[in-house]
file data24.cif (mmCIF, C-alpha atoms; chains and numbers go by the auth columns)
data_protein
#
loop_
_atom_site.group_PDB
_atom_site.id
_atom_site.type_symbol
_atom_site.label_atom_id
_atom_site.label_comp_id
_atom_site.label_asym_id
_atom_site.label_seq_id
_atom_site.Cartn_x
_atom_site.Cartn_y
_atom_site.Cartn_z
_atom_site.B_iso_or_equiv
_atom_site.auth_seq_id
_atom_site.auth_asym_id
ATOM 1 C CA MET A 1 -0.758 10.647 -22.930 0.00 1 X
ATOM 2 C CA THR A 2 1.263 7.795 -21.384 0.00 2 X
ATOM 3 C CA THR A 3 4.859 7.805 -20.188 0.00 3 X
ATOM 4 C CA SER A 4 6.583 4.687 -18.865 0.00 4 X
ATOM 5 C CA ILE A 5 9.787 4.061 -16.907 0.00 5 X
ATOM 6 C CA GLU A 6 11.256 0.686 -15.954 0.00 6 X
ATOM 7 C CA LEU A 7 12.954 0.538 -12.556 0.00 7 X
ATOM 8 C CA ASN A 8 14.679 -2.562 -11.180 0.00 8 X
ATOM 9 C CA THR A 9 11.620 -4.124 -9.567 0.00 9 X
ATOM 10 C CA LEU A 10 8.674 -2.076 -10.776 0.00 10 X
ATOM 11 C CA ARG A 11 7.166 -0.243 -13.717 0.00 11 X
ATOM 12 C CA TYR A 12 6.152 3.386 -13.405 0.00 12 X
ATOM 13 C CA GLU A 13 3.657 4.783 -15.909 0.00 13 X
ATOM 14 C CA VAL A 14 1.697 7.996 -16.064 0.00 14 X
ATOM 15 C CA ARG A 15 -1.663 7.720 -17.797 0.00 15 X
ATOM 16 C CA ASP A 16 -3.744 10.882 -18.085 0.00 16 X
ATOM 17 C CA GLY A 17 -2.643 12.286 -14.747 0.00 17 X
ATOM 18 C CA VAL A 18 -2.631 8.947 -12.877 0.00 18 X
ATOM 19 C CA ALA A 19 0.641 7.229 -11.971 0.00 19 X
ATOM 20 C CA LEU A 20 0.407 3.442 -12.269 0.00 20 X
ATOM 21 C CA VAL A 21 3.051 1.760 -10.087 0.00 21 X
ATOM 22 C CA THR A 22 3.339 -1.960 -10.882 0.00 22 X
ATOM 23 C CA LEU A 23 5.410 -4.195 -8.612 0.00 23 X
ATOM 24 C CA ASN A 24 7.248 -6.263 -11.182 0.00 24 X
ATOM 25 C CA ARG A 25 8.646 -9.516 -9.804 0.00 25 X
ATOM 26 C CA PRO A 26 5.893 -11.875 -10.998 0.00 26 X
ATOM 27 C CA ASP A 27 8.193 -14.903 -10.833 0.00 27 X
ATOM 28 C CA ARG A 28 8.512 -14.250 -7.067 0.00 28 X
ATOM 29 C CA MET A 29 4.858 -13.298 -6.513 0.00 29 X
ATOM 30 C CA ASN A 30 5.988 -9.656 -6.475 0.00 30 X
ATOM 31 C CA SER A 31 7.544 -10.313 -3.086 0.00 31 X
ATOM 32 C CA ILE A 32 9.535 -7.583 -1.364 0.00 32 X
ATOM 33 C CA GLY A 33 13.175 -8.199 -2.159 0.00 33 X
ATOM 34 C CA GLY A 34 15.812 -7.536 -4.766 0.00 34 X
ATOM 35 C CA GLY A 35 15.953 -3.843 -3.931 0.00 35 X
ATOM 36 C CA MET A 36 12.194 -3.357 -4.118 0.00 36 X
ATOM 37 C CA LYS A 37 12.200 -1.084 -1.060 0.00 37 X
ATOM 38 C CA ASP A 38 14.258 1.484 -2.959 0.00 38 X
ATOM 39 C CA ASP A 39 12.086 1.501 -6.074 0.00 39 X
ATOM 40 C CA PRO A 40 8.757 2.455 -4.411 0.00 40 X
ATOM 41 C CA ARG A 41 10.497 5.372 -2.746 0.00 41 X
ATOM 42 C CA ARG A 42 11.774 6.557 -6.122 0.00 42 X
ATOM 43 C CA ALA A 43 8.358 6.036 -7.711 0.00 43 X
ATOM 44 C CA PHE A 44 6.277 7.784 -5.045 0.00 44 X
ATOM 45 C CA VAL A 45 8.507 10.173 -3.146 0.00 45 X
ATOM 46 C CA VAL A 46 10.524 11.346 -6.133 0.00 46 X
ATOM 47 C CA ARG A 47 8.634 10.923 -9.400 0.00 47 X
ATOM 48 C CA ALA A 48 4.954 11.055 -8.443 0.00 48 X
ATOM 49 C CA ARG A 49 5.461 13.761 -5.813 0.00 49 X
ATOM 50 C CA GLU A 50 7.502 16.030 -8.069 0.00 50 X
ATOM 51 C CA ASP A 51 5.363 15.563 -11.177 0.00 51 X
ATOM 52 C CA GLU A 52 2.611 18.182 -11.016 0.00 52 X
ATOM 53 C CA ALA A 53 0.752 16.349 -13.777 0.00 53 X
ATOM 54 C CA VAL A 54 0.250 13.342 -11.456 0.00 54 X
ATOM 55 C CA ARG A 55 -2.932 13.783 -9.423 0.00 55 X
ATOM 56 C CA ALA A 56 -3.398 10.218 -8.083 0.00 56 X
ATOM 57 C CA VAL A 57 -1.447 6.951 -7.843 0.00 57 X
ATOM 58 C CA VAL A 58 -2.533 3.326 -8.392 0.00 58 X
ATOM 59 C CA PRO A 59 -0.165 0.629 -7.098 0.00 59 X
ATOM 60 C CA THR A 60 -0.732 -2.944 -8.289 0.00 60 X
ATOM 61 C CA GLY A 61 1.199 -6.139 -9.014 0.00 61 X
ATOM 62 C CA ALA A 62 2.393 -7.653 -12.278 0.00 62 X
ATOM 63 C CA GLY A 63 0.511 -10.729 -13.439 0.00 63 X
ATOM 64 C CA ASP A 64 -2.751 -12.099 -12.069 0.00 64 X
ATOM 65 C CA ARG A 65 -1.412 -14.181 -9.147 0.00 65 X
ATOM 66 C CA ALA A 66 -0.240 -11.592 -6.649 0.00 66 X
ATOM 67 C CA PHE A 67 -0.346 -7.981 -5.627 0.00 67 X
ATOM 68 C CA CYS A 68 2.558 -8.719 -3.276 0.00 68 X
ATOM 69 C CA ALA A 69 3.292 -11.901 -1.317 0.00 69 X
ATOM 70 C CA GLY A 70 5.259 -10.072 1.371 0.00 70 X
ATOM 71 C CA ALA A 71 8.908 -10.540 2.216 0.00 71 X
ATOM 72 C CA ASP A 72 10.983 -12.709 -0.096 0.00 72 X
ATOM 73 C CA ILE A 73 11.505 -15.615 2.303 0.00 73 X
ATOM 74 C CA LYS A 74 13.838 -17.484 -0.060 0.00 74 X
ATOM 75 C CA GLU A 75 16.049 -14.435 -0.378 0.00 75 X
ATOM 76 C CA ARG A 76 16.149 -14.004 3.394 0.00 76 X
ATOM 77 C CA ALA A 77 16.825 -17.667 4.150 0.00 77 X
ATOM 78 C CA GLY A 78 19.995 -18.067 6.163 0.00 78 X
ATOM 79 C CA GLN A 79 20.366 -14.347 6.851 0.00 79 X
ATOM 80 C CA ARG A 80 21.207 -13.485 10.443 0.00 80 X
ATOM 81 C CA LEU A 81 21.673 -9.749 10.660 0.00 81 X
ATOM 82 C CA PRO A 82 23.410 -8.140 13.629 0.00 82 X
ATOM 83 C CA LEU A 83 20.763 -6.587 15.856 0.00 83 X
ATOM 84 C CA PRO A 84 21.732 -2.941 15.116 0.00 84 X
ATOM 85 C CA GLU A 85 21.560 -3.564 11.357 0.00 85 X
ATOM 86 C CA TYR A 86 18.200 -5.322 11.737 0.00 86 X
ATOM 87 C CA HIS A 87 16.780 -2.343 13.610 0.00 87 X
ATOM 88 C CA LEU A 88 18.129 0.081 11.015 0.00 88 X
ATOM 89 C CA ARG A 89 16.511 -1.914 8.200 0.00 89 X
ATOM 90 C CA GLN A 90 13.239 -2.116 10.091 0.00 90 X
ATOM 91 C CA GLN A 91 13.283 1.634 10.671 0.00 91 X
ATOM 92 C CA ALA A 92 13.903 2.180 6.959 0.00 92 X
ATOM 93 C CA THR A 93 10.842 0.047 6.206 0.00 93 X
ATOM 94 C CA HIS A 94 8.738 2.009 8.678 0.00 94 X
ATOM 95 C CA ASP A 95 9.926 5.285 7.170 0.00 95 X
ATOM 96 C CA LEU A 96 9.066 4.107 3.652 0.00 96 X
ATOM 97 C CA PHE A 97 5.584 2.916 4.619 0.00 97 X
ATOM 98 C CA ARG A 98 4.896 6.130 6.539 0.00 98 X
ATOM 99 C CA ASP A 99 5.949 8.092 3.444 0.00 99 X
ATOM 100 C CA LEU A 100 3.476 6.088 1.379 0.00 100 X
ATOM 101 C CA GLU A 101 0.726 6.412 3.986 0.00 101 X
ATOM 102 C CA SER A 102 1.168 10.181 4.284 0.00 102 X
ATOM 103 C CA PHE A 103 1.688 10.727 0.546 0.00 103 X
ATOM 104 C CA GLU A 104 -0.004 13.953 -0.460 0.00 104 X
ATOM 105 C CA LYS A 105 -1.891 12.583 -3.456 0.00 105 X
ATOM 106 C CA PRO A 106 -4.672 9.954 -3.303 0.00 106 X
ATOM 107 C CA VAL A 107 -3.514 6.340 -3.561 0.00 107 X
ATOM 108 C CA ILE A 108 -5.854 3.543 -4.739 0.00 108 X
ATOM 109 C CA ALA A 109 -4.405 0.046 -4.378 0.00 109 X
ATOM 110 C CA ALA A 110 -5.529 -2.476 -7.009 0.00 110 X
ATOM 111 C CA ILE A 111 -5.077 -5.816 -5.227 0.00 111 X
ATOM 112 C CA ASN A 112 -4.829 -8.534 -7.845 0.00 112 X
ATOM 113 C CA GLY A 113 -4.438 -11.926 -6.207 0.00 113 X
ATOM 114 C CA VAL A 114 -2.377 -12.542 -3.097 0.00 114 X
ATOM 115 C CA ALA A 115 -1.621 -9.749 -0.604 0.00 115 X
ATOM 116 C CA LEU A 116 0.082 -11.337 2.372 0.00 116 X
ATOM 117 C CA GLY A 117 2.364 -10.149 5.143 0.00 117 X
ATOM 118 C CA GLY A 118 4.312 -7.116 4.024 0.00 118 X
ATOM 119 C CA GLY A 119 2.232 -7.049 0.845 0.00 119 X
ATOM 120 C CA LEU A 120 -0.951 -6.459 2.805 0.00 120 X
ATOM 121 C CA GLU A 121 0.898 -3.995 5.048 0.00 121 X
ATOM 122 C CA LEU A 122 1.864 -2.118 1.895 0.00 122 X
ATOM 123 C CA ALA A 123 -1.767 -2.064 0.727 0.00 123 X
ATOM 124 C CA LEU A 124 -2.837 -0.758 4.147 0.00 124 X
ATOM 125 C CA CYS A 125 -0.868 2.418 3.403 0.00 125 X
ATOM 126 C CA ALA A 126 -3.199 3.235 0.501 0.00 126 X
ATOM 127 C CA ASP A 127 -6.230 5.475 0.914 0.00 127 X
ATOM 128 C CA ILE A 128 -8.571 3.070 -0.885 0.00 128 X
ATOM 129 C CA ARG A 129 -8.209 -0.642 -1.650 0.00 129 X
ATOM 130 C CA ILE A 130 -10.006 -2.459 -4.471 0.00 130 X
ATOM 131 C CA ALA A 131 -9.588 -6.239 -4.829 0.00 131 X
ATOM 132 C CA SER A 132 -10.062 -8.745 -7.617 0.00 132 X
ATOM 133 C CA ASP A 133 -12.345 -11.665 -6.907 0.00 133 X
ATOM 134 C CA ASN A 134 -9.371 -14.042 -6.680 0.00 134 X
ATOM 135 C CA ALA A 135 -7.636 -11.988 -3.978 0.00 135 X
ATOM 136 C CA ARG A 136 -6.415 -13.624 -0.774 0.00 136 X
ATOM 137 C CA LEU A 137 -5.352 -11.383 2.075 0.00 137 X
ATOM 138 C CA GLY A 138 -3.694 -12.076 5.407 0.00 138 X
ATOM 139 C CA LEU A 139 -0.945 -11.448 7.920 0.00 139 X
ATOM 140 C CA PRO A 140 0.511 -14.944 8.546 0.00 140 X
ATOM 141 C CA GLU A 141 3.803 -13.892 10.189 0.00 141 X
ATOM 142 C CA ALA A 142 3.137 -15.760 13.461 0.00 142 X
ATOM 143 C CA ARG A 143 3.414 -19.064 11.577 0.00 143 X
ATOM 144 C CA ILE A 144 7.149 -18.474 11.197 0.00 144 X
ATOM 145 C CA GLY A 145 7.755 -16.912 14.591 0.00 145 X
ATOM 146 C CA ALA A 146 7.555 -13.315 13.378 0.00 146 X
ATOM 147 C CA LEU A 147 4.973 -10.542 13.600 0.00 147 X
ATOM 148 C CA PRO A 148 3.543 -7.955 11.190 0.00 148 X
ATOM 149 C CA ALA A 149 6.378 -5.549 11.901 0.00 149 X
ATOM 150 C CA ALA A 150 5.848 -3.147 8.980 0.00 150 X
ATOM 151 C CA GLY A 151 2.762 -1.540 10.508 0.00 151 X
ATOM 152 C CA GLY A 152 0.087 -4.234 10.340 0.00 152 X
ATOM 153 C CA THR A 153 -0.420 -4.317 14.106 0.00 153 X
ATOM 154 C CA GLN A 154 -1.273 -0.613 14.026 0.00 154 X
ATOM 155 C CA ARG A 155 -2.964 0.030 10.693 0.00 155 X
ATOM 156 C CA LEU A 156 -5.209 -3.029 10.451 0.00 156 X
ATOM 157 C CA PRO A 157 -7.107 -2.482 13.747 0.00 157 X
ATOM 158 C CA ARG A 158 -7.629 1.170 12.835 0.00 158 X
ATOM 159 C CA LEU A 159 -9.220 0.006 9.597 0.00 159 X
ATOM 160 C CA VAL A 160 -11.274 -3.083 10.498 0.00 160 X
ATOM 161 C CA GLY A 161 -11.485 -2.916 14.303 0.00 161 X
ATOM 162 C CA VAL A 162 -9.572 -4.668 17.038 0.00 162 X
ATOM 163 C CA GLY A 163 -11.496 -7.953 16.944 0.00 163 X
ATOM 164 C CA TRP A 164 -10.986 -8.704 13.257 0.00 164 X
ATOM 165 C CA ALA A 165 -7.401 -7.479 13.374 0.00 165 X
ATOM 166 C CA LYS A 166 -6.522 -9.797 16.247 0.00 166 X
ATOM 167 C CA GLN A 167 -8.369 -12.710 14.669 0.00 167 X
ATOM 168 C CA LEU A 168 -6.478 -12.342 11.388 0.00 168 X
ATOM 169 C CA MET A 169 -3.061 -11.897 12.990 0.00 169 X
ATOM 170 C CA LEU A 170 -3.454 -14.546 15.715 0.00 170 X
ATOM 171 C CA THR A 171 -4.976 -17.244 13.482 0.00 171 X
ATOM 172 C CA CYS A 172 -2.815 -16.361 10.439 0.00 172 X
ATOM 173 C CA ASP A 173 -5.899 -17.074 8.325 0.00 173 X
ATOM 174 C CA HIS A 174 -6.105 -15.906 4.733 0.00 174 X
ATOM 175 C CA ILE A 175 -9.426 -14.308 3.827 0.00 175 X
ATOM 176 C CA ASP A 176 -11.044 -14.001 0.431 0.00 176 X
ATOM 177 C CA ALA A 177 -12.068 -10.790 -1.294 0.00 177 X
ATOM 178 C CA GLN A 178 -15.713 -10.955 -0.229 0.00 178 X
ATOM 179 C CA THR A 179 -14.747 -11.323 3.438 0.00 179 X
ATOM 180 C CA ALA A 180 -12.313 -8.434 3.052 0.00 180 X
ATOM 181 C CA LEU A 181 -15.176 -6.366 1.620 0.00 181 X
ATOM 182 C CA ARG A 182 -17.501 -7.341 4.477 0.00 182 X
ATOM 183 C CA ILE A 183 -15.082 -6.247 7.189 0.00 183 X
ATOM 184 C CA GLY A 184 -14.063 -3.030 5.425 0.00 184 X
ATOM 185 C CA LEU A 185 -10.546 -4.053 4.455 0.00 185 X
ATOM 186 C CA VAL A 186 -11.406 -3.288 0.816 0.00 186 X
ATOM 187 C CA THR A 187 -14.158 -1.064 -0.536 0.00 187 X
ATOM 188 C CA GLU A 188 -14.931 -2.886 -3.780 0.00 188 X
ATOM 189 C CA VAL A 189 -14.490 -6.316 -5.402 0.00 189 X
ATOM 190 C CA THR A 190 -14.294 -6.727 -9.165 0.00 190 X
ATOM 191 C CA THR A 191 -13.392 -9.390 -11.683 0.00 191 X
ATOM 192 C CA GLN A 192 -9.716 -9.735 -12.529 0.00 192 X
ATOM 193 C CA GLN A 193 -10.373 -8.173 -15.925 0.00 193 X
ATOM 194 C CA ASP A 194 -12.162 -5.147 -14.465 0.00 194 X
ATOM 195 C CA LEU A 195 -9.794 -4.487 -11.555 0.00 195 X
ATOM 196 C CA LEU A 196 -7.203 -2.230 -13.148 0.00 196 X
ATOM 197 C CA PRO A 197 -9.614 -0.334 -15.443 0.00 197 X
ATOM 198 C CA GLY A 198 -11.879 0.225 -12.430 0.00 198 X
ATOM 199 C CA ALA A 199 -9.046 1.439 -10.200 0.00 199 X
ATOM 200 C CA LEU A 200 -7.775 3.790 -12.904 0.00 200 X
ATOM 201 C CA ALA A 201 -11.278 5.115 -13.538 0.00 201 X
ATOM 202 C CA MET A 202 -11.725 5.837 -9.827 0.00 202 X
ATOM 203 C CA ALA A 203 -8.316 7.509 -9.724 0.00 203 X
ATOM 204 C CA ARG A 204 -9.299 9.734 -12.653 0.00 204 X
ATOM 205 C CA ARG A 205 -12.577 10.715 -10.942 0.00 205 X
ATOM 206 C CA ILE A 206 -10.646 11.646 -7.820 0.00 206 X
ATOM 207 C CA ALA A 207 -7.948 13.430 -9.833 0.00 207 X
ATOM 208 C CA ALA A 208 -10.588 15.674 -11.395 0.00 208 X
ATOM 209 C CA ASN A 209 -11.186 17.318 -8.006 0.00 209 X
ATOM 210 C CA ALA A 210 -9.202 20.185 -6.461 0.00 210 X
ATOM 211 C CA PRO A 211 -5.743 18.842 -5.507 0.00 211 X
ATOM 212 C CA LEU A 212 -5.326 20.971 -2.379 0.00 212 X
ATOM 213 C CA SER A 213 -8.747 19.899 -1.140 0.00 213 X
ATOM 214 C CA LEU A 214 -7.807 16.253 -1.639 0.00 214 X
ATOM 215 C CA ARG A 215 -4.547 16.743 0.247 0.00 215 X
ATOM 216 C CA PHE A 216 -6.226 18.526 3.159 0.00 216 X
ATOM 217 C CA ILE A 217 -9.033 15.960 3.377 0.00 217 X
ATOM 218 C CA LYS A 218 -6.532 13.094 3.519 0.00 218 X
ATOM 219 C CA HIS A 219 -4.478 14.768 6.210 0.00 219 X
ATOM 220 C CA ALA A 220 -7.481 15.830 8.295 0.00 220 X
ATOM 221 C CA ILE A 221 -8.837 12.266 8.359 0.00 221 X
ATOM 222 C CA ASP A 222 -5.476 10.704 9.193 0.00 222 X
ATOM 223 C CA LEU A 223 -4.623 13.310 11.822 0.00 223 X
ATOM 224 C CA GLY A 224 -7.945 12.898 13.568 0.00 224 X
ATOM 225 C CA LEU A 225 -7.661 9.111 13.650 0.00 225 X
ATOM 226 C CA GLN A 226 -4.110 9.201 14.980 0.00 226 X
ATOM 227 C CA THR A 227 -4.320 12.031 17.515 0.00 227 X
ATOM 228 C CA GLY A 228 -7.994 12.582 18.288 0.00 228 X
ATOM 229 C CA ILE A 229 -11.060 14.385 16.992 0.00 229 X
ATOM 230 C CA ASP A 230 -10.100 17.801 18.375 0.00 230 X
ATOM 231 C CA ALA A 231 -6.820 17.861 16.461 0.00 231 X
ATOM 232 C CA GLY A 232 -8.621 16.766 13.283 0.00 232 X
ATOM 233 C CA LEU A 233 -11.317 19.415 13.694 0.00 233 X
ATOM 234 C CA GLY A 234 -8.696 22.065 14.374 0.00 234 X
ATOM 235 C CA TYR A 235 -6.754 21.155 11.278 0.00 235 X
ATOM 236 C CA GLY A 236 -9.905 21.154 9.171 0.00 236 X
ATOM 237 C CA ARG A 237 -10.861 24.573 10.494 0.00 237 X
ATOM 238 C CA PHE A 238 -7.542 26.153 9.521 0.00 238 X
ATOM 239 C CA ALA A 239 -7.159 24.235 6.243 0.00 239 X
ATOM 240 C CA GLY A 240 -10.596 25.362 5.119 0.00 240 X
ATOM 241 C CA ALA A 241 -9.971 29.019 5.874 0.00 241 X
#
call {"tool": "encode", "arguments": {"input": "data24.cif", "output": "structure tokens"}}
result
Amino acid sequence: MTTSIELNTLRYEVRDGVALVTLNRPDRMNSIGGGMKDDPRRAFVVRAREDEAVRAVVPTGAGDRAFCAGADIKERAGQRLPLPEYHLRQQATHDLFRDLESFEKPVIAAINGVALGGGLELALCADIRIASDNARLGLPEARIGALPAAGGTQRLPRLVGVGWAKQLMLTCDHIDAQTALRIGLVTEVTTQQDLLPGALAMARRIAANAPLSLRFIKHAIDLGLQTGIDAGLGYGRFAGA
């Protein structure tokens, strides 16, 4: 059974217990703008969280060019926000990404094409990342006098190690899918045609397992990485009781 809902900047579908969340601004490389920050919150935190039939979530991008190209630079051109408003917006972004990162149900990102800047930072919030063979990934913010301020400086080194994280952020290099696989940024590379079917198939395999076990496993891993092994072991001990 499939249900589908069109939001302003994304499509939300439920297919056999898996929510497919498609960033839907293909004419702008699915860049973050036009209210897109509100739509993922509605898709994940409201619909997917409250729907007991949803057991896993697969975010991806519309078209075959981009998962998400990051912030919509054209839309932001000429904007000079007062410092308090800038900080409030940045905090809202951090809150959204933390909500996605700590989402109770497994999240498998299907990275089709470009994932740059905030787009890669969004993918870093997923539990598992699968990339198409045309994917290009990077955090090029330093080229324009910015930095990966939506969590890239913290999540990327935890995932691939400090050396690779610094190399990618300081050089602003874009890497291909095979390099991303080699350094552990993604766990699998497929053809463009096989990407979404493969991600959905993995999501269904995961969704077939006990939902509370999946939730506790996710939280135990994340807690241990963020606070230390003793906290993770303690949580696992009580969660498994």
call {"tool": "resolve_selection", "arguments": {"input": "data24.cif", "expression": "the PyMOL selection byres ((chain X and resi 146-151) around 8)", "output": "ChimeraX atom specification"}}
result
/X:90,93-94,97,117-118,121,139,141-145,152-155,169
call {"tool": "atom_distance", "arguments": {"input": "data24.cif", "atom1": "atom CA of Thr171 of chain X", "atom2": "atom CA of Ala71 of chain X"}}
result
19.1 Å
call {"tool": "closest_residue", "arguments": {"input": "data24.cif", "among": "X:Val46, X:Ala239, X:Leu124, X:Ala53", "to": "Ala109 of chain X", "atoms": "all atoms listed in the file"}}
result
X:Leu124
call {"tool": "resolve_selection", "arguments": {"input": "data24.cif", "expression": "the PyMOL selection byres ((chain X and resi 221-230) around 12)", "output": "list of chain:residue names"}}
result
X:Arg98, X:Glu101, X:Ser102, X:Phe103, X:Glu104, X:Cys125, X:Ala126, X:Asp127, X:Gln154, X:Arg155, X:Pro157, X:Arg158, X:Leu159, X:Leu214, X:Arg215, X:Phe216, X:Ile217, X:Lys218, X:His219, X:Ala220, X:Ala231, X:Gly232, X:Leu233, X:Gly234, X:Tyr235, X:Gly236, X:Arg237
call {"tool": "write_last_selection", "arguments": {"input": "data24.cif", "atoms": "C-alpha atoms", "output": "mmCIF file, keeping the file's coordinate frame"}}
result
data_model
loop_
_atom_site.group_PDB
_atom_site.id
_atom_site.type_symbol
_atom_site.label_atom_id
_atom_site.label_comp_id
_atom_site.auth_asym_id
_atom_site.auth_seq_id
_atom_site.Cartn_x
_atom_site.Cartn_y
_atom_site.Cartn_z
ATOM 1 C CA ARG X 98 4.896 6.130 6.539
ATOM 2 C CA GLU X 101 0.726 6.412 3.986
ATOM 3 C CA SER X 102 1.168 10.181 4.284
ATOM 4 C CA PHE X 103 1.688 10.727 0.546
ATOM 5 C CA GLU X 104 -0.004 13.953 -0.460
ATOM 6 C CA CYS X 125 -0.868 2.418 3.403
ATOM 7 C CA ALA X 126 -3.199 3.235 0.501
ATOM 8 C CA ASP X 127 -6.230 5.475 0.914
ATOM 9 C CA GLN X 154 -1.273 -0.613 14.026
ATOM 10 C CA ARG X 155 -2.964 0.030 10.693
ATOM 11 C CA PRO X 157 -7.107 -2.482 13.747
ATOM 12 C CA ARG X 158 -7.629 1.170 12.835
ATOM 13 C CA LEU X 159 -9.220 0.006 9.597
ATOM 14 C CA LEU X 214 -7.807 16.253 -1.639
ATOM 15 C CA ARG X 215 -4.547 16.743 0.247
ATOM 16 C CA PHE X 216 -6.226 18.526 3.159
ATOM 17 C CA ILE X 217 -9.033 15.960 3.377
ATOM 18 C CA LYS X 218 -6.532 13.094 3.519
ATOM 19 C CA HIS X 219 -4.478 14.768 6.210
ATOM 20 C CA ALA X 220 -7.481 15.830 8.295
ATOM 21 C CA ALA X 231 -6.820 17.861 16.461
ATOM 22 C CA GLY X 232 -8.621 16.766 13.283
ATOM 23 C CA LEU X 233 -11.317 19.415 13.694
ATOM 24 C CA GLY X 234 -8.696 22.065 14.374
ATOM 25 C CA TYR X 235 -6.754 21.155 11.278
ATOM 26 C CA GLY X 236 -9.905 21.154 9.171
ATOM 27 C CA ARG X 237 -10.861 24.573 10.494
#
call {"tool": "residues_around", "arguments": {"input": "data24.cif", "residues": "Thr191 of chain X", "least_positions_apart": "6", "cutoff": "10 Å", "atoms": "only C-alpha atoms", "output": "PyMOL selection string"}}
result
chain X and resi 112+131-135+198
call {"tool": "closest_residue", "arguments": {"input": "data24.cif", "among": "X:Lys105, X:Arg136, X:Arg11, X:Arg55", "to": "Leu23 of chain X", "atoms": "only C-alpha atoms"}}
result
X:Arg11
call {"tool": "resolve_selection", "arguments": {"input": "data24.cif", "expression": "the PyMOL selection byres ((chain X and resi 181) around 12)", "output": "PDB file with C-alpha atoms, in the frame of the given file"}}
result
ATOM      1  CA  ILE X 128      -8.571   3.070  -0.885  1.00  0.00           C
ATOM      2  CA  ARG X 129      -8.209  -0.642  -1.650  1.00  0.00           C
ATOM      3  CA  ILE X 130     -10.006  -2.459  -4.471  1.00  0.00           C
ATOM      4  CA  ALA X 131      -9.588  -6.239  -4.829  1.00  0.00           C
ATOM      5  CA  SER X 132     -10.062  -8.745  -7.617  1.00  0.00           C
ATOM      6  CA  ASP X 133     -12.345 -11.665  -6.907  1.00  0.00           C
ATOM      7  CA  ALA X 135      -7.636 -11.988  -3.978  1.00  0.00           C
ATOM      8  CA  ARG X 136      -6.415 -13.624  -0.774  1.00  0.00           C
ATOM      9  CA  LEU X 137      -5.352 -11.383   2.075  1.00  0.00           C
ATOM     10  CA  LEU X 159      -9.220   0.006   9.597  1.00  0.00           C
ATOM     11  CA  VAL X 160     -11.274  -3.083  10.498  1.00  0.00           C
ATOM     12  CA  ILE X 175      -9.426 -14.308   3.827  1.00  0.00           C
ATOM     13  CA  ASP X 176     -11.044 -14.001   0.431  1.00  0.00           C
ATOM     14  CA  ALA X 177     -12.068 -10.790  -1.294  1.00  0.00           C
ATOM     15  CA  GLN X 178     -15.713 -10.955  -0.229  1.00  0.00           C
ATOM     16  CA  THR X 179     -14.747 -11.323   3.438  1.00  0.00           C
ATOM     17  CA  ALA X 180     -12.313  -8.434   3.052  1.00  0.00           C
ATOM     18  CA  ARG X 182     -17.501  -7.341   4.477  1.00  0.00           C
ATOM     19  CA  ILE X 183     -15.082  -6.247   7.189  1.00  0.00           C
ATOM     20  CA  GLY X 184     -14.063  -3.030   5.425  1.00  0.00           C
ATOM     21  CA  LEU X 185     -10.546  -4.053   4.455  1.00  0.00           C
ATOM     22  CA  VAL X 186     -11.406  -3.288   0.816  1.00  0.00           C
ATOM     23  CA  THR X 187     -14.158  -1.064  -0.536  1.00  0.00           C
ATOM     24  CA  GLU X 188     -14.931  -2.886  -3.780  1.00  0.00           C
ATOM     25  CA  VAL X 189     -14.490  -6.316  -5.402  1.00  0.00           C
ATOM     26  CA  THR X 190     -14.294  -6.727  -9.165  1.00  0.00           C
TER      27      THR X 190
END
call {"tool": "closest_residue", "arguments": {"input": "data24.cif", "among": "X:Arg204, X:Arg65, X:Arg25, X:Arg49", "to": "Leu7 of chain X", "atoms": "all atoms listed in the file"}}
result
X:Arg25
call {"tool": "closest_residue", "arguments": {"input": "data24.cif", "among": "X:Ile32, X:Ile108, X:Leu10, X:Ala92", "to": "Ala207 of chain X", "atoms": "all atoms listed in the file"}}
result
X:Ile108
call {"tool": "residues_around", "arguments": {"input": "data24.cif", "residues": "Gly119 of chain X", "least_positions_apart": "2", "cutoff": "7 Å", "atoms": "all atoms listed in the file", "output": "PyMOL selection string"}}
result
chain X and resi 68-70+115-117+121-123
call {"tool": "write_last_selection", "arguments": {"input": "data24.cif", "atoms": "C-alpha atoms", "output": "CSV table (one decimal), keeping the file's coordinate frame"}}
result
chain,number,residue,atom,x,y,z
X,68,CYS,CA,2.6,-8.7,-3.3
X,69,ALA,CA,3.3,-11.9,-1.3
X,70,GLY,CA,5.3,-10.1,1.4
X,115,ALA,CA,-1.6,-9.7,-0.6
X,116,LEU,CA,0.1,-11.3,2.4
X,117,GLY,CA,2.4,-10.1,5.1
X,121,GLU,CA,0.9,-4.0,5.0
X,122,LEU,CA,1.9,-2.1,1.9
X,123,ALA,CA,-1.8,-2.1,0.7
call {"tool": "closest_residue", "arguments": {"input": "data24.cif", "among": "X:Val21, X:Pro26, X:Pro197, X:Gly138", "to": "Ala165 of chain X", "atoms": "all atoms listed in the file"}}
result
X:Gly138
